[in-house]
>>> print(open('my_file03.cif').read())   # mmCIF, C-alpha atoms
data_my_file
#
loop_
_atom_site.group_PDB
_atom_site.id
_atom_site.type_symbol
_atom_site.label_atom_id
_atom_site.label_comp_id
_atom_site.auth_asym_id
_atom_site.auth_seq_id
_atom_site.Cartn_x
_atom_site.Cartn_y
_atom_site.Cartn_z
ATOM 1 C CA MET A 1357 -27.012 -51.242 -13.463
ATOM 2 C CA GLU A 1358 -30.778 -51.214 -13.586
ATOM 3 C CA ALA A 1359 -30.904 -50.997 -9.783
ATOM 4 C CA ILE A 1360 -28.507 -48.035 -9.763
ATOM 5 C CA THR A 1361 -30.488 -46.290 -12.499
ATOM 6 C CA SER A 1362 -33.760 -46.817 -10.650
ATOM 7 C CA ARG A 1363 -32.242 -45.401 -7.447
ATOM 8 C CA LYS A 1364 -31.017 -42.304 -9.305
ATOM 9 C CA ALA A 1365 -34.447 -41.840 -10.858
ATOM 10 C CA ALA A 1366 -36.052 -42.181 -7.435
ATOM 11 C CA LYS A 1367 -33.755 -39.429 -6.093
ATOM 12 C CA THR A 1368 -34.257 -37.020 -8.998
ATOM 13 C CA ALA A 1369 -38.066 -37.361 -9.079
ATOM 14 C CA PRO A 1370 -38.676 -35.508 -5.784
ATOM 15 C CA ARG A 1371 -36.249 -32.780 -6.891
ATOM 16 C CA LYS A 1372 -38.192 -32.253 -10.115
ATOM 17 C CA GLN A 1373 -41.436 -32.152 -8.168
ATOM 18 C CA LYS A 1374 -39.994 -29.528 -5.783
ATOM 19 C CA SER A 1375 -38.703 -27.502 -8.725
ATOM 20 C CA LEU A 1376 -42.100 -27.586 -10.417
ATOM 21 C CA LEU A 1377 -43.780 -26.664 -7.136
ATOM 22 C CA LYS A 1378 -41.439 -23.683 -6.652
ATOM 23 C CA ARG A 1379 -42.075 -22.470 -10.189
ATOM 24 C CA LYS A 1380 -45.814 -22.835 -9.692
ATOM 25 C CA GLU A 1381 -45.637 -20.869 -6.447
ATOM 26 C CA ALA A 1382 -43.583 -18.168 -8.191
ATOM 27 C CA TRP A 1383 -46.157 -17.842 -10.966
ATOM 28 C CA ILE A 1384 -48.978 -17.625 -8.436
ATOM 29 C CA PHE A 1385 -47.041 -14.973 -6.514
ATOM 30 C CA TYR A 1386 -46.481 -12.797 -9.589
ATOM 31 C CA LEU A 1387 -50.091 -13.292 -10.652
ATOM 32 C CA LEU A 1388 -51.353 -12.060 -7.285
ATOM 33 C CA VAL A 1389 -49.047 -9.040 -7.166
ATOM 34 C CA SER A 1390 -49.554 -8.136 -10.833
ATOM 35 C CA PRO A 1391 -52.408 -5.634 -10.147
ATOM 36 C CA TRP A 1392 -50.129 -3.746 -7.752
ATOM 37 C CA LEU A 1393 -47.199 -3.918 -10.192
ATOM 38 C CA ILE A 1394 -49.365 -2.623 -13.057
ATOM 39 C CA HIS A 1395 -50.605 0.211 -10.833
ATOM 40 C CA LEU A 1396 -47.033 1.044 -9.786
ATOM 41 C CA VAL A 1397 -45.695 1.186 -13.349
ATOM 42 C CA ALA A 1398 -48.689 2.846 -15.010
ATOM 43 C CA LEU A 1399 -49.821 5.336 -12.345
ATOM 44 C CA ASP A 1400 -46.966 5.839 -9.858
ATOM 45 C CA ALA A 1401 -43.621 5.404 -11.602
ATOM 46 C CA GLY A 1402 -44.373 7.926 -14.354
ATOM 47 C CA PRO A 1403 -45.407 10.806 -12.060
ATOM 48 C CA MET A 1404 -42.502 10.028 -9.712
ATOM 49 C CA LEU A 1405 -39.942 10.225 -12.522
ATOM 50 C CA ALA A 1406 -41.617 13.395 -13.823
ATOM 51 C CA SER A 1407 -41.433 15.024 -10.394
ATOM 52 C CA LEU A 1408 -37.767 14.056 -10.145
ATOM 53 C CA TYR A 1409 -37.114 15.831 -13.438
ATOM 54 C CA PHE A 1410 -39.162 18.896 -12.422
ATOM 55 C CA SER A 1411 -37.215 19.122 -9.159
ATOM 56 C CA PHE A 1412 -34.211 20.200 -11.244
ATOM 57 C CA THR A 1413 -36.209 22.854 -13.088
ATOM 58 C CA GLU A 1414 -38.011 26.116 -12.533
ATOM 59 C CA TRP A 1415 -41.612 25.529 -13.624
ATOM 60 C CA ASN A 1416 -44.887 27.345 -12.922
ATOM 61 C CA MET A 1417 -47.088 24.927 -14.916
ATOM 62 C CA LEU A 1418 -47.829 27.644 -17.494
ATOM 63 C CA THR A 1419 -44.486 27.960 -19.247
ATOM 64 C CA ALA A 1420 -41.904 25.392 -20.310
ATOM 65 C CA PRO A 1421 -39.682 24.052 -17.505
ATOM 66 C CA GLU A 1422 -36.274 25.718 -17.287
ATOM 67 C CA TRP A 1423 -33.351 23.576 -16.127
ATOM 68 C CA VAL A 1424 -31.704 24.976 -12.985
ATOM 69 C CA GLY A 1425 -29.825 21.926 -11.706
ATOM 70 C CA LEU A 1426 -29.496 21.574 -7.934
ATOM 71 C CA SER A 1427 -30.477 25.160 -7.120
ATOM 72 C CA ASN A 1428 -33.955 24.143 -5.884
ATOM 73 C CA TYR A 1429 -32.412 21.787 -3.352
ATOM 74 C CA ALA A 1430 -29.814 24.351 -2.313
ATOM 75 C CA ASP A 1431 -32.460 27.065 -1.920
ATOM 76 C CA ALA A 1432 -34.658 24.731 0.141
ATOM 77 C CA LEU A 1433 -31.843 23.950 2.552
ATOM 78 C CA THR A 1434 -30.340 27.427 2.820
ATOM 79 C CA LYS A 1435 -32.801 30.129 1.699
ATOM 80 C CA ASP A 1436 -36.321 28.871 2.460
ATOM 81 C CA PRO A 1437 -37.229 30.551 5.787
ATOM 82 C CA LEU A 1438 -39.859 27.928 6.684
ATOM 83 C CA PHE A 1439 -38.128 24.743 5.509
ATOM 84 C CA TRP A 1440 -36.477 23.866 8.816
ATOM 85 C CA LYS A 1441 -39.425 25.163 10.849
ATOM 86 C CA SER A 1442 -41.934 22.977 8.987
ATOM 87 C CA LEU A 1443 -39.578 20.004 9.243
ATOM 88 C CA ALA A 1444 -39.168 20.567 13.003
ATOM 89 C CA ILE A 1445 -42.949 20.800 13.446
ATOM 90 C CA THR A 1446 -43.439 17.563 11.503
ATOM 91 C CA PHE A 1447 -40.770 15.739 13.511
ATOM 92 C CA GLY A 1448 -42.159 17.120 16.762
ATOM 93 C CA PHE A 1449 -45.583 15.789 15.868
ATOM 94 C CA ALA A 1450 -44.133 12.375 14.921
ATOM 95 C CA ILE A 1451 -41.963 12.072 18.055
ATOM 96 C CA VAL A 1452 -44.999 12.528 20.319
ATOM 97 C CA SER A 1453 -47.767 11.044 18.196
ATOM 98 C CA VAL A 1454 -46.169 7.761 17.099
ATOM 99 C CA PRO A 1455 -45.199 6.452 20.594
ATOM 100 C CA LEU A 1456 -48.509 7.706 22.032
ATOM 101 C CA ASN A 1457 -50.503 5.816 19.409
ATOM 102 C CA LEU A 1458 -48.414 2.690 19.948
ATOM 103 C CA VAL A 1459 -48.951 2.736 23.721
ATOM 104 C CA VAL A 1460 -52.673 3.585 23.582
ATOM 105 C CA GLY A 1461 -53.316 1.050 20.819
ATOM 106 C CA LEU A 1462 -51.548 -1.710 22.758
ATOM 107 C CA ALA A 1463 -53.362 -0.802 25.988
ATOM 108 C CA LEU A 1464 -56.733 -0.989 24.244
ATOM 109 C CA ALA A 1465 -55.797 -4.289 22.602
ATOM 110 C CA LEU A 1466 -54.860 -5.788 25.980
ATOM 111 C CA LEU A 1467 -58.221 -4.696 27.397
ATOM 112 C CA LEU A 1468 -60.099 -6.079 24.390
ATOM 113 C CA ASN A 1469 -58.170 -9.363 24.309
ATOM 114 C CA THR A 1470 -60.606 -11.025 26.667
ATOM 115 C CA SER A 1471 -63.670 -13.235 26.437
ATOM 116 C CA LEU A 1472 -65.860 -10.995 28.599
ATOM 117 C CA PRO A 1473 -69.425 -10.246 27.434
ATOM 118 C CA GLY A 1474 -69.587 -7.269 25.081
ATOM 119 C CA THR A 1475 -65.922 -7.419 24.064
ATOM 120 C CA ARG A 1476 -66.734 -7.877 20.383
ATOM 121 C CA LEU A 1477 -69.041 -4.858 20.465
ATOM 122 C CA PHE A 1478 -66.315 -2.687 21.980
ATOM 123 C CA ARG A 1479 -63.829 -3.919 19.369
ATOM 124 C CA THR A 1480 -66.201 -2.661 16.679
ATOM 125 C CA ILE A 1481 -66.756 0.642 18.493
ATOM 126 C CA TYR A 1482 -63.032 1.343 18.758
ATOM 127 C CA TYR A 1483 -62.360 0.268 15.174
ATOM 128 C CA LEU A 1484 -65.122 2.268 13.439
ATOM 129 C CA PRO A 1485 -63.558 5.754 13.848
ATOM 130 C CA SER A 1486 -60.478 4.644 11.904
ATOM 131 C CA GLN A 1487 -62.775 3.884 8.949
ATOM 132 C CA ILE A 1488 -64.552 7.250 8.879
ATOM 133 C CA ASN A 1489 -61.556 9.538 8.605
ATOM 134 C CA GLY A 1490 -61.496 12.377 6.123
ATOM 135 C CA VAL A 1491 -62.592 15.967 5.696
ATOM 136 C CA ALA A 1492 -65.923 15.397 7.470
ATOM 137 C CA VAL A 1493 -64.132 14.169 10.601
ATOM 138 C CA MET A 1494 -61.711 17.106 10.508
ATOM 139 C CA VAL A 1495 -64.598 19.572 10.252
ATOM 140 C CA MET A 1496 -66.243 17.842 13.211
ATOM 141 C CA TRP A 1497 -63.055 18.266 15.256
ATOM 142 C CA VAL A 1498 -62.962 21.977 14.406
ATOM 143 C CA PHE A 1499 -66.277 22.281 16.268
ATOM 144 C CA VAL A 1500 -65.035 20.049 19.084
ATOM 145 C CA PHE A 1501 -61.995 22.315 19.521
ATOM 146 C CA ASN A 1502 -64.013 25.559 19.360
ATOM 147 C CA PRO A 1503 -62.899 27.497 22.467
ATOM 148 C CA ASP A 1504 -66.322 29.072 23.049
ATOM 149 C CA LEU A 1505 -68.913 26.488 22.012
ATOM 150 C CA GLY A 1506 -66.840 23.332 21.532
ATOM 151 C CA LEU A 1507 -67.523 20.047 23.287
ATOM 152 C CA LEU A 1508 -64.154 19.874 25.055
ATOM 153 C CA ASN A 1509 -64.325 23.292 26.695
ATOM 154 C CA THR A 1510 -67.992 22.793 27.536
ATOM 155 C CA LEU A 1511 -67.090 19.604 29.412
ATOM 156 C CA LEU A 1512 -64.154 21.268 31.151
ATOM 157 C CA ALA A 1513 -66.394 24.141 32.213
ATOM 158 C CA GLN A 1514 -68.600 21.669 34.088
ATOM 159 C CA PHE A 1515 -65.626 21.064 36.377
ATOM 160 C CA GLY A 1516 -64.785 24.742 36.684
ATOM 161 C CA ILE A 1517 -61.813 24.534 34.301
ATOM 162 C CA GLN A 1518 -61.158 27.249 31.735
ATOM 163 C CA GLY A 1519 -60.292 25.384 28.552
ATOM 164 C CA PRO A 1520 -57.494 26.543 26.205
ATOM 165 C CA GLY A 1521 -57.875 27.841 22.685
ATOM 166 C CA TRP A 1522 -56.911 24.458 21.198
ATOM 167 C CA ILE A 1523 -56.227 24.773 17.452
ATOM 168 C CA PHE A 1524 -56.794 28.541 17.635
ATOM 169 C CA ASP A 1525 -53.909 29.010 20.072
ATOM 170 C CA PRO A 1526 -50.298 28.741 18.749
ATOM 171 C CA ASN A 1527 -49.211 27.010 21.963
ATOM 172 C CA TRP A 1528 -51.994 24.426 21.843
ATOM 173 C CA ALA A 1529 -52.535 23.873 18.115
ATOM 174 C CA LEU A 1530 -49.957 21.115 17.599
ATOM 175 C CA PRO A 1531 -50.797 19.245 20.860
ATOM 176 C CA SER A 1532 -54.452 19.431 19.791
ATOM 177 C CA LEU A 1533 -53.662 17.637 16.534
ATOM 178 C CA VAL A 1534 -51.651 15.029 18.443
ATOM 179 C CA PHE A 1535 -54.687 14.441 20.671
ATOM 180 C CA MET A 1536 -57.004 14.328 17.664
ATOM 181 C CA ASN A 1537 -54.760 11.725 16.025
ATOM 182 C CA LEU A 1538 -55.875 9.252 18.693
ATOM 183 C CA TRP A 1539 -59.271 9.244 16.971
ATOM 184 C CA SER A 1540 -58.015 6.587 14.526
ATOM 185 C CA VAL A 1541 -56.070 4.490 17.046
ATOM 186 C CA GLY A 1542 -58.578 1.663 16.567
ATOM 187 C CA GLY A 1543 -56.964 0.690 13.265
ATOM 188 C CA GLY A 1544 -53.701 -0.064 15.037
ATOM 189 C CA THR A 1545 -55.580 -1.737 17.887
ATOM 190 C CA ILE A 1546 -56.879 -4.398 15.491
ATOM 191 C CA ILE A 1547 -53.302 -5.157 14.426
ATOM 192 C CA TRP A 1548 -52.226 -5.372 18.083
ATOM 193 C CA LEU A 1549 -55.121 -7.773 18.718
ATOM 194 C CA ALA A 1550 -53.994 -9.982 15.828
ATOM 195 C CA GLY A 1551 -50.517 -10.102 17.361
ATOM 196 C CA LEU A 1552 -51.893 -10.958 20.789
ATOM 197 C CA LYS A 1553 -54.034 -13.751 19.353
ATOM 198 C CA GLY A 1554 -50.898 -15.299 17.862
ATOM 199 C CA ILE A 1555 -49.292 -15.847 21.280
ATOM 200 C CA PRO A 1556 -49.973 -19.398 22.550
ATOM 201 C CA ASP A 1557 -51.932 -19.609 25.813
ATOM 202 C CA SER A 1558 -49.659 -22.454 26.905
ATOM 203 C CA LEU A 1559 -46.822 -19.975 27.450
ATOM 204 C CA TYR A 1560 -48.912 -17.949 29.890
ATOM 205 C CA GLU A 1561 -50.071 -21.112 31.663
ATOM 206 C CA SER A 1562 -46.505 -22.333 32.105
ATOM 207 C CA ALA A 1563 -45.351 -18.938 33.373
ATOM 208 C CA THR A 1564 -48.243 -18.778 35.849
ATOM 209 C CA LEU A 1565 -47.362 -22.219 37.187
ATOM 210 C CA ASP A 1566 -43.782 -20.997 37.652
ATOM 211 C CA GLY A 1567 -45.054 -18.114 39.771
ATOM 212 C CA ALA A 1568 -44.826 -15.265 37.231
ATOM 213 C CA ASN A 1569 -47.185 -12.391 37.999
ATOM 214 C CA ALA A 1570 -49.085 -10.334 35.395
ATOM 215 C CA TRP A 1571 -46.242 -7.843 34.885
ATOM 216 C CA LYS A 1572 -43.623 -10.560 34.357
ATOM 217 C CA ARG A 1573 -45.886 -12.385 31.914
ATOM 218 C CA PHE A 1574 -46.300 -9.141 29.969
ATOM 219 C CA ARG A 1575 -42.600 -8.263 30.170
ATOM 220 C CA TYR A 1576 -41.110 -11.641 29.271
ATOM 221 C CA ILE A 1577 -43.803 -13.215 27.057
ATOM 222 C CA THR A 1578 -46.164 -10.632 25.574
ATOM 223 C CA LEU A 1579 -43.684 -7.918 24.652
ATOM 224 C CA PRO A 1580 -41.007 -10.162 23.055
ATOM 225 C CA LEU A 1581 -43.591 -12.018 20.970
ATOM 226 C CA LEU A 1582 -45.233 -8.736 19.954
ATOM 227 C CA THR A 1583 -42.022 -7.221 18.582
ATOM 228 C CA PRO A 1584 -42.959 -8.003 14.925
ATOM 229 C CA THR A 1585 -46.228 -6.137 15.501
ATOM 230 C CA ILE A 1586 -44.383 -3.275 17.215
ATOM 231 C CA PHE A 1587 -42.015 -3.144 14.244
ATOM 232 C CA PHE A 1588 -44.853 -2.977 11.712
ATOM 233 C CA ASN A 1589 -46.839 -0.349 13.624
ATOM 234 C CA LEU A 1590 -43.690 1.701 14.212
ATOM 235 C CA ILE A 1591 -42.746 1.770 10.520
ATOM 236 C CA THR A 1592 -46.261 2.635 9.310
ATOM 237 C CA GLY A 1593 -46.672 5.159 12.120
ATOM 238 C CA ILE A 1594 -43.467 7.009 11.224
ATOM 239 C CA ILE A 1595 -44.329 7.112 7.520
ATOM 240 C CA GLY A 1596 -47.869 8.309 8.234
ATOM 241 C CA ALA A 1597 -46.844 10.965 10.764
ATOM 242 C CA LEU A 1598 -44.207 12.483 8.484
ATOM 243 C CA GLN A 1599 -46.792 12.811 5.698
ATOM 244 C CA LYS A 1600 -49.453 14.655 7.696
ATOM 245 C CA PHE A 1601 -51.319 17.153 5.571
ATOM 246 C CA GLY A 1602 -55.115 17.060 5.796
ATOM 247 C CA GLU A 1603 -55.405 18.411 9.323
ATOM 248 C CA ALA A 1604 -53.252 21.434 8.532
ATOM 249 C CA TYR A 1605 -55.066 22.108 5.247
ATOM 250 C CA VAL A 1606 -58.637 21.682 6.478
ATOM 251 C CA MET A 1607 -58.436 22.780 10.103
ATOM 252 C CA THR A 1608 -55.656 25.330 10.589
ATOM 253 C CA LYS A 1609 -54.203 26.354 7.205
ATOM 254 C CA GLY A 1610 -50.807 25.841 8.815
ATOM 255 C CA GLY A 1611 -51.538 28.330 11.592
ATOM 256 C CA PRO A 1612 -51.877 29.989 13.878
ATOM 257 C CA LEU A 1613 -48.481 31.636 13.359
ATOM 258 C CA ASN A 1614 -47.257 28.600 11.359
ATOM 259 C CA SER A 1615 -47.503 26.424 14.477
ATOM 260 C CA THR A 1616 -49.051 23.553 12.457
ATOM 261 C CA ARG A 1617 -47.247 24.080 9.168
ATOM 262 C CA PHE A 1618 -46.453 20.451 8.452
ATOM 263 C CA PHE A 1619 -43.840 19.772 5.790
ATOM 264 C CA ASN A 1620 -46.436 18.403 3.368
ATOM 265 C CA TYR A 1621 -48.548 21.535 3.807
ATOM 266 C CA HIS A 1622 -45.424 23.648 3.205
ATOM 267 C CA LEU A 1623 -44.831 21.657 0.014
ATOM 268 C CA TYR A 1624 -48.463 22.075 -1.056
ATOM 269 C CA ASP A 1625 -48.300 25.836 -0.476
ATOM 270 C CA TYR A 1626 -45.371 26.155 -2.872
ATOM 271 C CA ALA A 1627 -46.962 23.879 -5.479
ATOM 272 C CA PHE A 1628 -50.541 25.167 -5.592
ATOM 273 C CA GLY A 1629 -50.326 28.437 -3.686
ATOM 274 C CA LYS A 1630 -47.235 29.979 -5.272
ATOM 275 C CA PHE A 1631 -47.181 27.713 -8.365
ATOM 276 C CA GLU A 1632 -43.479 26.972 -7.903
ATOM 277 C CA MET A 1633 -43.844 23.378 -9.008
ATOM 278 C CA GLY A 1634 -40.139 22.756 -9.504
ATOM 279 C CA PHE A 1635 -39.284 23.899 -5.994
ATOM 280 C CA ALA A 1636 -42.215 21.899 -4.577
ATOM 281 C CA SER A 1637 -40.952 18.775 -6.390
ATOM 282 C CA ALA A 1638 -37.553 19.252 -4.767
ATOM 283 C CA LEU A 1639 -39.231 19.486 -1.356
ATOM 284 C CA ALA A 1640 -41.146 16.292 -2.091
ATOM 285 C CA TRP A 1641 -37.954 14.406 -2.921
ATOM 286 C CA LEU A 1642 -36.216 15.723 0.171
ATOM 287 C CA LEU A 1643 -39.110 14.390 2.258
ATOM 288 C CA PHE A 1644 -38.895 11.068 0.425
ATOM 289 C CA VAL A 1645 -35.177 10.792 1.242
ATOM 290 C CA ILE A 1646 -35.833 11.628 4.913
ATOM 291 C CA ILE A 1647 -38.590 9.007 5.228
ATOM 292 C CA LEU A 1648 -36.483 6.416 3.385
ATOM 293 C CA ALA A 1649 -33.493 7.084 5.657
ATOM 294 C CA LEU A 1650 -35.583 6.736 8.820
ATOM 295 C CA THR A 1651 -37.234 3.566 7.529
ATOM 296 C CA LEU A 1652 -33.856 2.021 6.695
ATOM 297 C CA LEU A 1653 -32.556 3.046 10.120
ATOM 298 C CA VAL A 1654 -35.409 1.247 11.873
ATOM 299 C CA PHE A 1655 -34.921 -1.787 9.615
ATOM 300 C CA SER A 1656 -31.192 -1.844 10.409
ATOM 301 C CA THR A 1657 -31.913 -2.050 14.151
ATOM 302 C CA SER A 1658 -34.707 -4.612 13.865
ATOM 303 C CA GLY A 1659 -32.335 -7.573 14.039
ATOM 304 C CA ARG A 1660 -31.451 -6.611 17.630
ATOM 305 C CA TRP A 1661 -34.960 -6.401 19.070
ATOM 306 C CA VAL A 1662 -37.516 -7.980 16.709
ATOM 307 C CA TYR A 1663 -38.104 -11.634 17.522
ATOM 308 C CA TYR A 1664 -39.728 -14.088 15.110
ATOM 309 C CA GLY A 1665 -40.815 -17.524 16.199
ATOM 310 C CA GLY A 1666 -38.190 -19.368 14.167
ATOM 311 C CA ASP A 1667 -35.280 -17.133 15.195
ATOM 312 C CA LYS A 1668 -32.372 -18.585 17.107
ATOM 313 C CA LYS A 1669 -30.790 -15.881 19.251
#
>>> encode(input="my_file03.cif", output="structure tokens")
Amino acid sequence: MEAITSRKAAKTAPRKQKSLLKRKEAWIFYLLVSPWLIHLVALDAGPMLASLYFSFTEWNMLTAPEWVGLSNYADALTKDPLFWKSLAITFGFAIVSVPLNLVVGLALALLLNTSLPGTRLFRTIYYLPSQINGVAVMVMWVFVFNPDLGLLNTLLAQFGIQGPGWIFDPNWALPSLVFMNLWSVGGGTIIWLAGLKGIPDSLYESATLDGANAWKRFRYITLPLLTPTIFFNLITGIIGALQKFGEAYVMTKGGPLNSTRFFNYHLYDYAFGKFEMGFASALAWLLFVIILALTLLVFSTSGRWVYYGGDKK
């Protein structure tokens, strides 16, 4: 009996240790995320719930909100003349900008993923612009895009090319902002570099010995093992592109001829230009639903193309 009891005790001891370890890890996890949770509850959840309530009201911030039910949402979808236009402009920007940033960021990361002299310096040079975004950078780009004295048209003139009006031309304004968005591509490049550094060199060595050229190594080793990084950059890129605001507010005021009227700028115009806070809140929640739906759509497809090291497919 004593032998049986000792064997049972020997079996249960590791289980208790694992249970204690799991509980300790759980406490550490909640301790580390507690600042974010406190911020979410104290500073984010309250305003979000308030905006949800205001989206069902008519409110100009001066008088008491008046309950109007779903009329704000119905008016946005059926009566607002610029709702669909601003949404189309925002989606057009995202459809071009997100893939372009992914491709350029990956190309730069591949070039910088070497041990050549000066590589670290160039990594810093490409990364720095992503850290100095803001109004000052947007003002700088206004001068760069100036059709008469701007840097771009001055350079083009040296080759005998008449430059366009850039952000001052309705046909060029949105492409100009897509081009400008590449200014911060260095932030994504660092993430691509981290993904590339996680790919074992032994895989490339084995493929080279088997006769695989550079394209095949990229196609069958680099790309599959970079799919988690592609997934992350794609999700963050979509969310960021659909929330564009600063460029339209600082550089173009949504013009010319509403050609850069991003959805967030359209929302801002109703909230702080026309003081229709209830209607603006409804627009904000519609944008939230659109971003959530797209994010869930990408997540739902990830199981087919995102490969993690431990997956068995």
>>> resolve_selection(input="my_file03.cif", expression="the PyMOL selection byres ((chain A and resi 1638) around 10)", output="ChimeraX atom specification")
/A:1407-1413,1426-1432,1623,1633-1637,1639-1644
>>> resolve_selection(input="my_file03.cif", expression="the PyMOL selection byres ((chain A and resi 1548) around 12)", output="compact mmCIF listing (two decimals) with C-alpha atoms, keeping the file's coordinate frame")
# COMPACT_ATOMS: atom_id res chain seq x y z
CA ASN A 1457 -50.50 5.82 19.41
CA LEU A 1458 -48.41 2.69 19.95
CA VAL A 1459 -48.95 2.74 23.72
CA VAL A 1460 -52.67 3.58 23.58
CA GLY A 1461 -53.32 1.05 20.82
CA LEU A 1462 -51.55 -1.71 22.76
CA ALA A 1463 -53.36 -0.80 25.99
CA LEU A 1464 -56.73 -0.99 24.24
CA ALA A 1465 -55.80 -4.29 22.60
CA LEU A 1466 -54.86 -5.79 25.98
CA LEU A 1467 -58.22 -4.70 27.40
CA LEU A 1468 -60.10 -6.08 24.39
CA ASN A 1469 -58.17 -9.36 24.31
CA ARG A 1479 -63.83 -3.92 19.37
CA TYR A 1483 -62.36 0.27 15.17
CA VAL A 1541 -56.07 4.49 17.05
CA GLY A 1542 -58.58 1.66 16.57
CA GLY A 1543 -56.96 0.69 13.26
CA GLY A 1544 -53.70 -0.06 15.04
CA THR A 1545 -55.58 -1.74 17.89
CA ILE A 1546 -56.88 -4.40 15.49
CA ILE A 1547 -53.30 -5.16 14.43
CA LEU A 1549 -55.12 -7.77 18.72
CA ALA A 1550 -53.99 -9.98 15.83
CA GLY A 1551 -50.52 -10.10 17.36
CA LEU A 1552 -51.89 -10.96 20.79
CA LYS A 1553 -54.03 -13.75 19.35
CA GLY A 1554 -50.90 -15.30 17.86
CA ILE A 1555 -49.29 -15.85 21.28
CA THR A 1578 -46.16 -10.63 25.57
CA LEU A 1579 -43.68 -7.92 24.65
CA LEU A 1581 -43.59 -12.02 20.97
CA LEU A 1582 -45.23 -8.74 19.95
CA THR A 1583 -42.02 -7.22 18.58
CA PRO A 1584 -42.96 -8.00 14.92
CA THR A 1585 -46.23 -6.14 15.50
CA ILE A 1586 -44.38 -3.28 17.22
CA PHE A 1587 -42.02 -3.14 14.24
CA PHE A 1588 -44.85 -2.98 11.71
CA ASN A 1589 -46.84 -0.35 13.62
CA LEU A 1590 -43.69 1.70 14.21
>>> residues_around(input="my_file03.cif", residues="Asp1625 of chain A", least_positions_apart="6", cutoff="12 Å", atoms="all atoms listed in the file", output="list in words")
Leu1438, Phe1439, Ser1442, Phe1601, Ala1604, Tyr1605, Lys1609, Gly1610, Arg1617, Phe1618, Phe1619, Phe1631, Glu1632, Met1633, Phe1635, Ala1636, Ser1637 and Leu1639 of chain A
>>> write_last_selection(input="my_file03.cif", atoms="C-alpha atoms", output="PDB file, in the frame of the given file")
ATOM      1  CA  LEU A1438     -39.859  27.928   6.684  1.00  0.00           C
ATOM      2  CA  PHE A1439     -38.128  24.743   5.509  1.00  0.00           C
ATOM      3  CA  SER A1442     -41.934  22.977   8.987  1.00  0.00           C
ATOM      4  CA  PHE A1601     -51.319  17.153   5.571  1.00  0.00           C
ATOM      5  CA  ALA A1604     -53.252  21.434   8.532  1.00  0.00           C
ATOM      6  CA  TYR A1605     -55.066  22.108   5.247  1.00  0.00           C
ATOM      7  CA  LYS A1609     -54.203  26.354   7.205  1.00  0.00           C
ATOM      8  CA  GLY A1610     -50.807  25.841   8.815  1.00  0.00           C
ATOM      9  CA  ARG A1617     -47.247  24.080   9.168  1.00  0.00           C
ATOM     10  CA  PHE A1618     -46.453  20.451   8.452  1.00  0.00           C
ATOM     11  CA  PHE A1619     -43.840  19.772   5.790  1.00  0.00           C
ATOM     12  CA  PHE A1631     -47.181  27.713  -8.365  1.00  0.00           C
ATOM     13  CA  GLU A1632     -43.479  26.972  -7.903  1.00  0.00           C
ATOM     14  CA  MET A1633     -43.844  23.378  -9.008  1.00  0.00           C
ATOM     15  CA  PHE A1635     -39.284  23.899  -5.994  1.00  0.00           C
ATOM     16  CA  ALA A1636     -42.215  21.899  -4.577  1.00  0.00           C
ATOM     17  CA  SER A1637     -40.952  18.775  -6.390  1.00  0.00           C
ATOM     18  CA  LEU A1639     -39.231  19.486  -1.356  1.00  0.00           C
TER      19      LEU A1639
END
>>> closest_residue(input="my_file03.cif", among="A:Thr1434, A:Gln1518, A:Ser1558, A:Asn1537", to="Ser1453 of chain A", atoms="only C-alpha atoms")
A:Asn1537
>>> resolve_selection(input="my_file03.cif", expression="the PyMOL selection byres ((chain A and resi 1487-1501) around 7)", output="PDB file with C-alpha atoms, keeping the file's coordinate frame")
ATOM      1  CA  LEU A1484     -65.122   2.268  13.439  1.00  0.00           C
ATOM      2  CA  PRO A1485     -63.558   5.754  13.848  1.00  0.00           C
ATOM      3  CA  SER A1486     -60.478   4.644  11.904  1.00  0.00           C
ATOM      4  CA  ASN A1502     -64.013  25.559  19.360  1.00  0.00           C
ATOM      5  CA  PRO A1503     -62.899  27.497  22.467  1.00  0.00           C
ATOM      6  CA  GLY A1506     -66.840  23.332  21.532  1.00  0.00           C
ATOM      7  CA  LEU A1507     -67.523  20.047  23.287  1.00  0.00           C
ATOM      8  CA  LEU A1508     -64.154  19.874  25.055  1.00  0.00           C
ATOM      9  CA  TRP A1522     -56.911  24.458  21.198  1.00  0.00           C
ATOM     10  CA  ILE A1523     -56.227  24.773  17.452  1.00  0.00           C
ATOM     11  CA  GLU A1603     -55.405  18.411   9.323  1.00  0.00           C
ATOM     12  CA  VAL A1606     -58.637  21.682   6.478  1.00  0.00           C
ATOM     13  CA  MET A1607     -58.436  22.780  10.103  1.00  0.00           C
TER      14      MET A1607
END
>>> atom_distance(input="my_file03.cif", atom1="atom CA of Lys1600 of chain A", atom2="atom CA of Asn1620 of chain A")
6.5 Å
>>> atom_distance(input="my_file03.cif", atom1="atom CA of Asp1525 of chain A", atom2="atom CA of Asn1509 of chain A")
13.6 Å
>>> closest_residue(input="my_file03.cif", among="A:Ser1658, A:Gln1599, A:Thr1419, A:Ser1562", to="Tyr1624 of chain A", atoms="all atoms listed in the file")
A:Gln1599
>>> atom_distance(input="my_file03.cif", atom1="atom CA of Leu1598 of chain A", atom2="atom CA of Leu1650 of chain A")
10.4 Å
>>> closest_residue(input="my_file03.cif", among="A:Thr1480, A:Thr1592, A:Thr1608, A:Thr1564", to="Ser1532 of chain A", atoms="all atoms listed in the file")
A:Thr1608
>>> residues_around(input="my_file03.cif", residues="Pro1531 of chain A", least_positions_apart="5", cutoff="12 Å", atoms="only C-alpha atoms", output="NGL selection string")
:A and (1445 or 1448-1453 or 1456 or 1501 or 1520-1526 or 1536-1538 or 1615-1616)
